[in-house]
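target.pdb follows (PDB, C-alpha atoms and all ligand atoms):
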MODEL        1
ATOM      1  CA  MET A   1       0.000   0.000   0.000
ATOM      2  CA  ALA A   2       1.439   3.387  -0.996
ATOM      3  CA  LEU A   3      -0.756   5.411   1.365
ATOM      4  CA  LYS A   4      -3.073   4.750   4.243
ATOM      5  CA  ALA A   5      -4.489   7.836   5.923
ATOM      6  CA  GLU A   6      -6.624   6.492   8.716
ATOM      7  CA  ARG A   7      -9.463   8.192  10.608
ATOM      8  CA  ILE A   8      -7.998  11.644   9.977
ATOM      9  CA  ARG A   9      -9.659  14.340  12.033
ATOM     10  CA  LYS A  10      -8.605  17.964  11.906
ATOM     11  CA  ARG A  11      -9.909  20.736  14.097
ATOM     12  CA  PHE A  12      -8.723  24.336  13.882
ATOM     13  CA  GLY A  13      -9.041  26.621  16.907
ATOM     14  CA  ASN A  14     -10.340  25.929  20.402
ATOM     15  CA  GLY A  15     -13.552  26.163  22.412
ATOM     16  CA  ASP A  16     -16.461  27.956  20.742
ATOM     17  CA  ALA A  17     -14.279  29.055  17.837
ATOM     18  CA  ALA A  18     -13.217  25.485  17.032
ATOM     19  CA  LYS A  19     -13.938  24.300  13.531
ATOM     20  CA  GLU A  20     -13.783  20.677  12.486
ATOM     21  CA  VAL A  21     -12.606  20.517   8.884
ATOM     22  CA  LEU A  22     -11.899  16.800   8.492
ATOM     23  CA  GLY A  23     -14.309  14.494  10.258
ATOM     24  CA  GLY A  24     -12.285  11.314  10.732
ATOM     25  CA  LEU A  25     -11.891  10.196   7.161
ATOM     26  CA  SER A  26      -9.803   7.375   5.730
ATOM     27  CA  VAL A  27      -8.165   7.399   2.312
ATOM     28  CA  SER A  28      -5.840   4.853   0.731
ATOM     29  CA  VAL A  29      -3.772   4.524  -2.429
ATOM     30  CA  GLY A  30      -2.527   1.117  -3.563
ATOM     31  CA  LYS A  31       0.914   0.632  -5.062
ATOM     32  CA  GLY A  32       0.774   1.844  -8.661
ATOM     33  CA  GLU A  33      -2.762   3.124  -8.249
ATOM     34  CA  PHE A  34      -4.083   6.498  -9.446
ATOM     35  CA  VAL A  35      -6.674   7.857  -7.008
ATOM     36  CA  SER A  36      -8.514  11.175  -7.180
ATOM     37  CA  ILE A  37     -10.354  13.146  -4.548
ATOM     38  CA  VAL A  38     -13.213  15.411  -5.530
ATOM     39  CA  GLY A  39     -15.208  17.479  -3.084
ATOM     40  CA  PRO A  40     -16.954  20.787  -2.641
ATOM     41  CA  SER A  41     -14.881  23.940  -2.333
ATOM     42  CA  GLY A  42     -13.555  24.371   1.155
ATOM     43  CA  SER A  43     -14.178  20.743   2.122
ATOM     44  CA  GLY A  44     -10.619  20.403   3.368
ATOM     45  CA  LYS A  45      -8.796  18.793   0.444
ATOM     46  CA  THR A  46      -5.757  21.028   0.836
ATOM     47  CA  THR A  47      -5.736  20.430   4.581
ATOM     48  CA  LEU A  48      -5.787  16.680   3.955
ATOM     49  CA  PHE A  49      -2.835  17.032   1.558
ATOM     50  CA  LYS A  50      -0.890  19.027   4.131
ATOM     51  CA  ILE A  51      -1.511  16.310   6.700
ATOM     52  CA  ILE A  52      -0.429  13.546   4.302
ATOM     53  CA  GLY A  53       2.686  15.556   3.364
ATOM     54  CA  GLY A  54       3.515  16.119   7.037
ATOM     55  CA  LEU A  55       3.155  19.924   6.888
ATOM     56  CA  GLU A  56       0.249  19.923   9.317
ATOM     57  CA  PRO A  57      -0.389  17.481  12.180
ATOM     58  CA  PRO A  58      -3.801  15.799  12.323
ATOM     59  CA  THR A  59      -5.864  16.286  15.477
ATOM     60  CA  GLU A  60      -6.485  12.543  15.389
ATOM     61  CA  GLY A  61      -5.560   9.718  13.049
ATOM     62  CA  GLU A  62      -2.502   8.247  11.409
ATOM     63  CA  VAL A  63      -0.686   8.533   8.090
ATOM     64  CA  TRP A  64       1.186   5.536   6.671
ATOM     65  CA  ILE A  65       3.258   5.933   3.518
ATOM     66  CA  GLY A  66       5.000   2.996   1.857
ATOM     67  CA  GLY A  67       4.274   0.842   4.914
ATOM     68  CA  LYS A  68       5.835   3.284   7.427
ATOM     69  CA  LYS A  69       4.017   5.402   9.930
ATOM     70  CA  THR A  70       4.843   8.957   8.833
ATOM     71  CA  THR A  71       2.281  11.091  10.698
ATOM     72  CA  GLY A  72       3.679  14.637  10.961
ATOM     73  CA  GLU A  73       6.870  13.762   9.026
ATOM     74  CA  ARG A  74       7.963  15.473   5.824
ATOM     75  CA  GLY A  75       9.948  14.064   2.928
ATOM     76  CA  HIS A  76       7.815  11.031   2.076
ATOM     77  CA  ILE A  77       5.896  12.448  -0.868
ATOM     78  CA  SER A  78       6.670  14.263  -4.090
ATOM     79  CA  TYR A  79       4.365  17.127  -4.819
ATOM     80  CA  VAL A  80       2.996  18.959  -7.860
ATOM     81  CA  PRO A  81       1.302  22.224  -6.859
ATOM     82  CA  GLN A  82      -1.276  24.205  -8.812
ATOM     83  CA  GLN A  83       1.208  26.933  -9.650
ATOM     84  CA  SER A  84       4.755  26.296 -10.689
ATOM     85  CA  ALA A  85       7.282  25.888  -7.938
ATOM     86  CA  LEU A  86      10.239  25.819 -10.347
ATOM     87  CA  LEU A  87      13.261  27.867  -9.318
ATOM     88  CA  PRO A  88      13.373  30.837 -11.727
ATOM     89  CA  TRP A  89      17.154  31.221 -11.550
ATOM     90  CA  ARG A  90      17.840  27.651 -12.648
ATOM     91  CA  THR A  91      17.391  26.249 -16.125
ATOM     92  CA  VAL A  92      14.705  23.678 -16.828
ATOM     93  CA  ALA A  93      17.288  20.873 -16.723
ATOM     94  CA  GLY A  94      18.889  22.460 -13.643
ATOM     95  CA  ASN A  95      15.590  22.358 -11.775
ATOM     96  CA  ILE A  96      15.159  18.657 -12.360
ATOM     97  CA  GLU A  97      18.821  17.798 -11.745
ATOM     98  CA  LEU A  98      18.742  19.644  -8.434
ATOM     99  CA  SER A  99      15.830  17.654  -7.073
ATOM    100  CA  LEU A 100      17.414  14.419  -8.286
ATOM    101  CA  THR A 101      20.748  15.164  -6.609
ATOM    102  CA  ILE A 102      19.016  16.290  -3.404
ATOM    103  CA  SER A 103      17.275  12.936  -3.337
ATOM    104  CA  GLY A 104      20.604  11.128  -3.570
ATOM    105  CA  LEU A 105      21.476  10.528  -7.232
ATOM    106  CA  ASP A 106      25.030  11.342  -8.307
ATOM    107  CA  ARG A 107      25.367  14.318 -10.627
ATOM    108  CA  ARG A 108      26.229  12.371 -13.762
ATOM    109  CA  THR A 109      23.255  10.041 -13.458
ATOM    110  CA  ALA A 110      21.002  12.993 -12.622
ATOM    111  CA  LYS A 111      22.170  14.832 -15.736
ATOM    112  CA  ARG A 112      21.685  11.804 -17.953
ATOM    113  CA  GLU A 113      18.198  10.983 -16.598
ATOM    114  CA  THR A 114      17.108  14.596 -16.912
ATOM    115  CA  LYS A 115      18.221  14.804 -20.523
ATOM    116  CA  GLU A 116      16.528  11.538 -21.472
ATOM    117  CA  TRP A 117      13.264  12.450 -19.803
ATOM    118  CA  LEU A 118      13.051  15.996 -21.116
ATOM    119  CA  ALA A 119      13.362  14.583 -24.622
ATOM    120  CA  ARG A 120      10.691  11.986 -23.868
ATOM    121  CA  ILE A 121       8.188  14.618 -22.789
ATOM    122  CA  GLY A 122       8.930  16.753 -25.848
ATOM    123  CA  LEU A 123      10.903  19.450 -24.024
ATOM    124  CA  GLY A 124      14.418  18.444 -25.025
ATOM    125  CA  GLU A 125      15.089  21.764 -26.695
ATOM    126  CA  TYR A 126      14.127  23.670 -23.540
ATOM    127  CA  ALA A 127      16.718  21.984 -21.311
ATOM    128  CA  ASP A 128      18.883  25.106 -21.134
ATOM    129  CA  ALA A 129      16.015  27.607 -21.086
ATOM    130  CA  TYR A 130      14.812  29.344 -17.924
ATOM    131  CA  PRO A 131      11.326  28.620 -16.589
ATOM    132  CA  HIS A 132       9.904  32.054 -17.521
ATOM    133  CA  VAL A 133      10.019  31.228 -21.237
ATOM    134  CA  LEU A 134       7.806  28.142 -20.800
ATOM    135  CA  SER A 135       4.047  28.208 -21.336
ATOM    136  CA  GLY A 136       1.764  27.182 -18.447
ATOM    137  CA  GLY A 137       1.332  23.683 -19.864
ATOM    138  CA  MET A 138       5.075  23.204 -20.374
ATOM    139  CA  THR A 139       5.779  24.424 -16.855
ATOM    140  CA  GLN A 140       3.404  21.877 -15.390
ATOM    141  CA  ARG A 141       4.988  19.137 -17.498
ATOM    142  CA  VAL A 142       8.363  20.009 -15.974
ATOM    143  CA  SER A 143       6.865  20.149 -12.454
ATOM    144  CA  PHE A 144       5.267  16.773 -13.027
ATOM    145  CA  LEU A 145       8.465  15.273 -14.397
ATOM    146  CA  ARG A 146      10.406  16.525 -11.394
ATOM    147  CA  ALA A 147       7.946  14.819  -9.062
ATOM    148  CA  LEU A 148       7.853  11.669 -11.186
ATOM    149  CA  LEU A 149      11.624  11.236 -11.036
ATOM    150  CA  ALA A 150      11.809  11.824  -7.301
ATOM    151  CA  PRO A 151      12.231   8.634  -5.265
ATOM    152  CA  GLN A 152       9.325   9.143  -2.855
ATOM    153  CA  PRO A 153       6.744   6.357  -2.965
ATOM    154  CA  LEU A 154       3.739   8.662  -3.425
ATOM    155  CA  MET A 155       2.972  11.623  -5.689
ATOM    156  CA  LEU A 156       0.457  14.227  -4.553
ATOM    157  CA  LEU A 157      -1.029  16.379  -7.308
ATOM    158  CA  ASP A 158      -2.939  19.405  -6.013
ATOM    159  CA  GLU A 159      -5.152  20.742  -8.838
ATOM    160  CA  PRO A 160      -2.109  20.681 -11.133
ATOM    161  CA  PHE A 161      -4.067  21.921 -14.153
ATOM    162  CA  GLY A 162      -6.327  24.356 -12.330
ATOM    163  CA  ALA A 163      -4.556  27.441 -13.639
ATOM    164  CA  LEU A 164      -4.500  26.334 -17.288
ATOM    165  CA  ASP A 165      -6.951  27.286 -20.015
ATOM    166  CA  ALA A 166      -9.513  24.642 -21.002
ATOM    167  CA  LEU A 167      -7.771  23.411 -24.150
ATOM    168  CA  THR A 168      -4.314  23.163 -22.555
ATOM    169  CA  ARG A 169      -5.900  21.412 -19.590
ATOM    170  CA  LEU A 170      -7.401  18.798 -21.880
ATOM    171  CA  GLN A 171      -4.072  18.246 -23.630
ATOM    172  CA  MET A 172      -2.326  17.962 -20.271
ATOM    173  CA  GLN A 173      -4.798  15.352 -19.057
ATOM    174  CA  GLN A 174      -4.085  13.253 -22.140
ATOM    175  CA  TRP A 175      -0.372  13.764 -21.686
ATOM    176  CA  LEU A 176      -0.510  12.844 -18.003
ATOM    177  CA  THR A 177      -2.500   9.674 -18.701
ATOM    178  CA  SER A 178       0.019   8.440 -21.248
ATOM    179  CA  ILE A 179       3.046   9.192 -19.043
ATOM    180  CA  TRP A 180       1.351   7.677 -16.021
ATOM    181  CA  GLU A 181       0.331   4.542 -17.901
ATOM    182  CA  GLU A 182       4.023   4.025 -18.715
ATOM    183  CA  SER A 183       5.339   4.725 -15.238
ATOM    184  CA  ARG A 184       2.499   3.508 -12.959
ATOM    185  CA  ARG A 185       3.486   5.587  -9.960
ATOM    186  CA  SER A 186       1.209   5.784  -6.929
ATOM    187  CA  VAL A 187      -0.713   9.032  -7.262
ATOM    188  CA  LEU A 188      -3.242  10.960  -5.220
ATOM    189  CA  LEU A 189      -4.822  13.845  -7.150
ATOM    190  CA  VAL A 190      -7.113  16.573  -5.867
ATOM    191  CA  THR A 191      -9.312  18.143  -8.493
ATOM    192  CA  HIS A 192     -12.525  20.126  -8.846
ATOM    193  CA  SER A 193     -13.222  18.461 -12.174
ATOM    194  CA  ILE A 194     -15.253  15.258 -12.083
ATOM    195  CA  GLU A 195     -14.339  14.521 -15.732
ATOM    196  CA  GLU A 196     -10.654  14.917 -14.975
ATOM    197  CA  ALA A 197     -10.921  12.557 -12.007
ATOM    198  CA  LEU A 198     -12.776   9.921 -14.025
ATOM    199  CA  TYR A 199     -10.514  10.187 -17.049
ATOM    200  CA  LEU A 200      -7.277   9.843 -15.095
ATOM    201  CA  SER A 201      -8.068   7.589 -12.149
ATOM    202  CA  ASP A 202      -8.457   3.998 -11.119
ATOM    203  CA  ARG A 203     -10.592   5.131  -8.182
ATOM    204  CA  VAL A 204     -12.431   8.351  -7.312
ATOM    205  CA  ILE A 205     -13.145   9.355  -3.708
ATOM    206  CA  VAL A 206     -15.990  11.811  -3.212
ATOM    207  CA  LEU A 207     -15.844  14.008  -0.111
ATOM    208  CA  SER A 208     -18.727  15.741   1.633
ATOM    209  CA  ALA A 209     -18.755  19.373   2.713
ATOM    210  CA  SER A 210     -17.209  20.290   6.015
ATOM    211  CA  PRO A 211     -16.482  18.439   8.228
ATOM    212  CA  ALA A 212     -15.330  16.316   5.326
ATOM    213  CA  ALA A 213     -16.158  12.633   5.259
ATOM    214  CA  VAL A 214     -15.953  10.093   2.443
ATOM    215  CA  LEU A 215     -19.397  10.077   0.794
ATOM    216  CA  GLU A 216     -18.593   7.323  -1.661
ATOM    217  CA  GLU A 217     -15.734   5.707  -3.564
ATOM    218  CA  PHE A 218     -16.012   4.706  -7.190
ATOM    219  CA  ALA A 219     -13.835   2.147  -8.938
ATOM    220  CA  VAL A 220     -13.399   3.522 -12.466
ATOM    221  CA  PRO A 221     -14.024   0.612 -14.823
ATOM    222  CA  PHE A 222     -12.768   2.048 -18.126
ATOM    223  CA  PRO A 223      -9.863   0.097 -19.629
ATOM    224  CA  ARG A 224      -6.426   1.561 -20.285
ATOM    225  CA  PRO A 225      -4.903   2.995 -22.312
ATOM    226  CA  ARG A 226      -7.559   5.670 -21.980
ATOM    227  CA  ARG A 227      -8.420   7.588 -25.104
ATOM    228  CA  GLU A 228     -10.006  10.962 -25.641
ATOM    229  CA  ALA A 229     -13.109   9.237 -27.049
ATOM    230  CA  LEU A 230     -13.933   8.081 -23.519
ATOM    231  CA  TRP A 231     -15.314  11.548 -22.752
ATOM    232  CA  THR A 232     -18.254  11.005 -25.074
ATOM    233  CA  GLU A 233     -19.161   7.470 -23.968
ATOM    234  CA  PRO A 234     -22.535   7.039 -22.244
ATOM    235  CA  ALA A 235     -21.028   4.995 -19.375
ATOM    236  CA  PHE A 236     -18.525   7.780 -18.692
ATOM    237  CA  ASN A 237     -21.242  10.408 -18.663
ATOM    238  CA  ALA A 238     -23.515   8.307 -16.474
ATOM    239  CA  MET A 239     -20.762   8.043 -13.865
ATOM    240  CA  LYS A 240     -20.035  11.728 -14.110
ATOM    241  CA  GLN A 241     -23.709  12.475 -13.512
ATOM    242  CA  ARG A 242     -23.837  10.190 -10.466
ATOM    243  CA  ILE A 243     -20.884  11.922  -8.845
ATOM    244  CA  TYR A 244     -22.307  15.316  -9.722
ATOM    245  CA  GLU A 245     -25.635  14.440  -8.033
ATOM    246  CA  LEU A 246     -23.743  13.230  -4.980
ATOM    247  CA  LEU A 247     -21.805  16.495  -4.711
ATOM    248  CA  ARG A 248     -24.942  18.580  -5.170
ATOM    249  CA  GLN A 249     -26.611  17.164  -2.074
ATOM    250  CA  PRO A 250     -27.139  19.795   0.587
TER     251      PRO A 250
HETATM  252  N1  LIG B   1      -4.756  27.194   9.511
HETATM  253  C1  LIG B   1      -6.094  27.272   9.492
HETATM  254  N2  LIG B   1      -6.756  27.840  10.516
HETATM  255  C2  LIG B   1      -8.103  27.889  10.514
HETATM  256  N3  LIG B   1      -8.890  27.412   9.532
HETATM  257  C3  LIG B   1      -8.286  26.845   8.486
HETATM  258  C4  LIG B   1      -6.855  26.739   8.409
HETATM  259  N4  LIG B   1      -6.530  26.111   7.235
HETATM  260  C5  LIG B   1      -7.733  25.850   6.636
HETATM  261  N5  LIG B   1      -8.766  26.282   7.372
HETATM  262  C6  LIG B   1     -10.197  26.144   7.028
HETATM  263  O1  LIG B   1     -10.445  24.801   6.664
HETATM  264  C7  LIG B   1     -11.419  24.727   5.621
HETATM  265  C8  LIG B   1     -10.913  23.844   4.505
HETATM  266  O2  LIG B   1      -9.817  24.481   3.826
HETATM  267  P1  LIG B   1      -9.022  23.775   2.643
HETATM  268  O3  LIG B   1      -8.152  24.814   2.039
HETATM  269  O4  LIG B   1      -8.386  22.546   3.155
HETATM  270  O5  LIG B   1     -10.204  23.377   1.659
HETATM  271  P2  LIG B   1     -10.155  22.915   0.136
HETATM  272  O6  LIG B   1     -11.135  21.793   0.027
HETATM  273  O7  LIG B   1      -8.772  22.669  -0.289
HETATM  274  O8  LIG B   1     -10.709  24.190  -0.571
HETATM  275  P3  LIG B   1     -10.745  24.550  -2.127
HETATM  276  O9  LIG B   1     -11.399  23.388  -2.783
HETATM  277  O10 LIG B   1     -11.581  25.787  -2.154
HETATM  278  O11 LIG B   1      -9.317  24.776  -2.528
HETATM  279  C9  LIG B   1     -11.720  26.177   5.226
HETATM  280  O12 LIG B   1     -12.924  26.553   5.803
HETATM  281  C10 LIG B   1     -10.568  26.960   5.807
HETATM  282  O13 LIG B   1     -10.991  28.241   6.179
ENDMDL
END
Please express what this file holds, its structure, as structure tokens.
Amino acid sequence: MALKAERIRKRFGNGDAAKEVLGGLSVSVGKGEFVSIVGPSGSGKTTLFKIIGGLEPPTEGEVWIGGKKTTGERGHISYVPQQSALLPWRTVAGNIELSLTISGLDRRTAKRETKEWLARIGLGEYADAYPHVLSGGMTQRVSFLRALLAPQPLMLLDEPFGALDALTRLQMQQWLTSIWEESRRSVLLVTHSIEEALYLSDRVIVLSASPAAVLEEFAVPFPRPRREALWTEPAFNAMKQRIYELLRQP
């Protein structure tokens, strides 16, 4: 199991001002599984990510990553944020090499891996460019690659395409599916888009409004490799509708 977050409760503040954001929910990701979380705005998805990443302690509950209890510990996940976290003063290749060497690879191997992978994701010619010349979609491809090559057993993707325009977002979803299908990393994605969750995932977890609890989990039955045509299939739309109805409940 790549992740087991068990009975996670999170309360902010004390006494009358206390607010329970996470109501004792459990979430898991199997090894090589792609799992998405969808939920209403403000339901605590970011808080849950912070707890899994060890940036915020839970009020109650435990986090297990790669079979180790990691509650409150950092360094066990690789992370792709909504906005780029690339270092602007390093080249594209430099950004990836740095995270590879920090995680223990020697410089020569890091350089070689970076070069190979940048070419594979169609950004070979940008290796020596600085991040500001990249488009939003390219930037997120580099951020994703950096997380993919990191050795941590779990990748957390926090609305990674949220800031992109609709067309680029669609292209990125197709790109991510194909790269993921090759690499089969363990991934937990937070998204506001039900279509995105269904298209990318093996399993979709639907959260309720605050305090967040798991309303329902859906195994996504569509075979891989997933193709764009899936979006127009009746079974896909029926599932999308079911999740939408679930989220609409007061
Ligand atoms: N440090 C904090 N102190 C007090 N309240 C907080 C703190 N961090 C988050 N909250 C509250 O917890 C709730 C959930 O926030 P969170 O950002 O986790 O939700 P979210 O599901 O990621 O939201 P969105 O989908 O809009 O990005 C919000 O009501 C927020 O105000």
May I have the residues within 6 Å of ligand LIG 1 (chain B), computed using only C-alpha atoms and all ligand atoms, as a compact mmCIF listing (two decimals) with C-alpha atoms, in the coordinates of the input?
# COMPACT_ATOMS: atom_id res chain seq x y z
CA PHE A 12 -8.72 24.34 13.88
CA VAL A 21 -12.61 20.52 8.88
CA SER A 41 -14.88 23.94 -2.33
CA GLY A 42 -13.56 24.37 1.16
CA SER A 43 -14.18 20.74 2.12
CA GLY A 44 -10.62 20.40 3.37
CA LYS A 45 -8.80 18.79 0.44
CA THR A 46 -5.76 21.03 0.84
CA THR A 47 -5.74 20.43 4.58
Which residues of segment 108-175 of chain A come within 8 Å of segment 84-96 of chain A, and for each one, what is the closest pair of atoms and their distance in Å to one decimal, counting all atoms listed in the file, sorted by chain and residue number, as a tab-separated table?
residue	atom	partner	partner_atom	distance
A:Lys111	CA	A:Ala93	CA	7.8
A:Thr114	CA	A:Ala93	CA	6.3
A:Lys115	CA	A:Ala93	CA	7.2
A:Leu118	CA	A:Ala93	CA	7.8
A:Tyr126	CA	A:Val92	CA	6.7
A:Ala127	CA	A:Ala93	CA	4.8
A:Asp128	CA	A:Thr91	CA	5.4
A:Ala129	CA	A:Thr91	CA	5.3
A:Tyr130	CA	A:Thr91	CA	4.4
A:Pro131	CA	A:Pro88	CA	5.7
A:His132	CA	A:Pro88	CA	6.9
A:Thr139	CA	A:Ser84	CA	6.5
A:Gln140	CA	A:Ser84	CA	6.6
A:Val142	CA	A:Val92	CA	7.4
A:Ser143	CA	A:Ser84	CA	6.7
A:Leu145	CA	A:Ile96	CA	7.8
A:Arg146	CA	A:Ile96	CA	5.3
Might you spell out which residues the PyMOL selection byres (((chain A and resi 67-80) around 7) and not hetatm) would select in the displayed file, as JSON, numbers by chain? {"A": [1, 51, 53, 54, 55, 56, 57, 62, 63, 64, 65, 66, 81, 82, 143, 144, 147, 150, 152, 153, 154, 155, 156, 157, 158, 160]}
Please determine, counting only C-alpha atoms, which residue among A:Phe161, A:Phe236, A:Phe49, A:Trp117 has the shortest atom-to-atom distance to Ile179 of chain A.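 Under the stated criterion, the closest residue is A:Trp117.
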Find the residue from A:Leu247, A:Ala18, A:Val187, A:Leu134 that sits nearest to Ala212 of chain A; use all atoms listed in the file when measuring.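 Closest candidate: A:Leu247.
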Step by step, work through what the PyMOL selection byres (((chain A and resi 170) around 12) and not hetatm) selects in the shown file, and finish by giving those residues as JSON, numbers by chain. {"A": [137, 161, 162, 164, 165, 166, 167, 168, 169, 171, 172, 173, 174, 175, 176, 177, 193, 195, 196, 199, 200, 227, 228, 231]}
Contact residues around Ala110 of chain A with only C-alpha atoms at 9 Å, ignoring same-chain residues under 4 positions, as a PyMOL selection string: chain A and resi 96-101+105-106+114-115
Using the chain letters and numbers from the file, give me the residues hit by the PyMOL selection byres (((chain A and resi 245) around 12) and not hetatm), as a PyMOL selection string. chain A and resi 39+194+206+208+215-216+238-244+246-250
Please complete segment 217-239 of chain A with N, CA and C atoms and give it back as a PDB file, in the coordinates of the input.
ATOM      1  N   GLU A 217     -16.925   5.956  -2.729  1.00  0.00           N
ATOM      2  CA  GLU A 217     -15.734   5.707  -3.564  1.00  0.00           C
ATOM      3  C   GLU A 217     -16.189   4.969  -4.811  1.00  0.00           C
ATOM      4  N   PHE A 218     -15.641   5.347  -5.931  1.00  0.00           N
ATOM      5  CA  PHE A 218     -16.012   4.706  -7.190  1.00  0.00           C
ATOM      6  C   PHE A 218     -14.789   4.057  -7.811  1.00  0.00           C
ATOM      7  N   ALA A 219     -14.882   2.771  -8.119  1.00  0.00           N
ATOM      8  CA  ALA A 219     -13.835   2.147  -8.938  1.00  0.00           C
ATOM      9  C   ALA A 219     -14.150   2.552 -10.372  1.00  0.00           C
ATOM     10  N   VAL A 220     -13.156   3.055 -11.094  1.00  0.00           N
ATOM     11  CA  VAL A 220     -13.399   3.522 -12.466  1.00  0.00           C
ATOM     12  C   VAL A 220     -13.120   2.362 -13.415  1.00  0.00           C
ATOM     13  N   PRO A 221     -14.169   1.889 -14.098  1.00  0.00           N
ATOM     14  CA  PRO A 221     -14.024   0.612 -14.823  1.00  0.00           C
ATOM     15  C   PRO A 221     -13.429   0.715 -16.224  1.00  0.00           C
ATOM     16  N   PHE A 222     -13.167   1.926 -16.718  1.00  0.00           N
ATOM     17  CA  PHE A 222     -12.768   2.048 -18.126  1.00  0.00           C
ATOM     18  C   PHE A 222     -11.350   1.529 -18.350  1.00  0.00           C
ATOM     19  N   PRO A 223     -11.171   0.719 -19.411  1.00  0.00           N
ATOM     20  CA  PRO A 223      -9.863   0.097 -19.629  1.00  0.00           C
ATOM     21  C   PRO A 223      -8.799   1.116 -20.027  1.00  0.00           C
ATOM     22  N   ARG A 224      -7.552   0.750 -19.830  1.00  0.00           N
ATOM     23  CA  ARG A 224      -6.426   1.561 -20.285  1.00  0.00           C
ATOM     24  C   ARG A 224      -5.771   0.849 -21.450  1.00  0.00           C
ATOM     25  N   PRO A 225      -5.092   1.552 -22.327  1.00  0.00           N
ATOM     26  CA  PRO A 225      -4.903   2.995 -22.312  1.00  0.00           C
ATOM     27  C   PRO A 225      -6.201   3.760 -22.560  1.00  0.00           C
ATOM     28  N   ARG A 226      -6.354   4.859 -21.831  1.00  0.00           N
ATOM     29  CA  ARG A 226      -7.559   5.670 -21.980  1.00  0.00           C
ATOM     30  C   ARG A 226      -7.390   6.613 -23.161  1.00  0.00           C
ATOM     31  N   ARG A 227      -8.439   6.719 -23.921  1.00  0.00           N
ATOM     32  CA  ARG A 227      -8.420   7.588 -25.104  1.00  0.00           C
ATOM     33  C   ARG A 227      -9.401   8.726 -24.911  1.00  0.00           C
ATOM     34  N   GLU A 228      -9.177   9.769 -25.700  1.00  0.00           N
ATOM     35  CA  GLU A 228     -10.006  10.962 -25.641  1.00  0.00           C
ATOM     36  C   GLU A 228     -11.486  10.628 -25.853  1.00  0.00           C
ATOM     37  N   ALA A 229     -11.733   9.601 -26.697  1.00  0.00           N
ATOM     38  CA  ALA A 229     -13.109   9.237 -27.049  1.00  0.00           C
ATOM     39  C   ALA A 229     -13.934   8.848 -25.824  1.00  0.00           C
ATOM     40  N   LEU A 230     -13.246   8.476 -24.746  1.00  0.00           N
ATOM     41  CA  LEU A 230     -13.933   8.081 -23.519  1.00  0.00           C
ATOM     42  C   LEU A 230     -14.902   9.169 -23.028  1.00  0.00           C
ATOM     43  N   TRP A 231     -14.523  10.419 -23.245  1.00  0.00           N
ATOM     44  CA  TRP A 231     -15.314  11.548 -22.752  1.00  0.00           C
ATOM     45  C   TRP A 231     -16.737  11.549 -23.289  1.00  0.00           C
ATOM     46  N   THR A 232     -16.927  10.949 -24.456  1.00  0.00           N
ATOM     47  CA  THR A 232     -18.254  11.005 -25.074  1.00  0.00           C
ATOM     48  C   THR A 232     -19.041   9.706 -24.852  1.00  0.00           C
ATOM     49  N   GLU A 233     -18.459   8.746 -24.151  1.00  0.00           N
ATOM     50  CA  GLU A 233     -19.161   7.470 -23.968  1.00  0.00           C
ATOM     51  C   GLU A 233     -20.264   7.594 -22.924  1.00  0.00           C
ATOM     52  N   PRO A 234     -21.413   6.955 -23.183  1.00  0.00           N
ATOM     53  CA  PRO A 234     -22.535   7.039 -22.244  1.00  0.00           C
ATOM     54  C   PRO A 234     -22.165   6.578 -20.825  1.00  0.00           C
ATOM     55  N   ALA A 235     -21.372   5.510 -20.708  1.00  0.00           N
ATOM     56  CA  ALA A 235     -21.028   4.995 -19.375  1.00  0.00           C
ATOM     57  C   ALA A 235     -20.210   6.027 -18.599  1.00  0.00           C
ATOM     58  N   PHE A 236     -19.349   6.735 -19.309  1.00  0.00           N
ATOM     59  CA  PHE A 236     -18.525   7.780 -18.692  1.00  0.00           C
ATOM     60  C   PHE A 236     -19.427   8.909 -18.186  1.00  0.00           C
ATOM     61  N   ASN A 237     -20.358   9.303 -19.037  1.00  0.00           N
ATOM     62  CA  ASN A 237     -21.242  10.408 -18.663  1.00  0.00           C
ATOM     63  C   ASN A 237     -22.213  10.023 -17.554  1.00  0.00           C
ATOM     64  N   ALA A 238     -22.612   8.763 -17.543  1.00  0.00           N
ATOM     65  CA  ALA A 238     -23.515   8.307 -16.474  1.00  0.00           C
ATOM     66  C   ALA A 238     -22.801   8.381 -15.127  1.00  0.00           C
ATOM     67  N   MET A 239     -21.531   8.000 -15.115  1.00  0.00           N
ATOM     68  CA  MET A 239     -20.762   8.043 -13.865  1.00  0.00           C
ATOM     69  C   MET A 239     -20.533   9.477 -13.412  1.00  0.00           C
TER      70      MET A 239
END
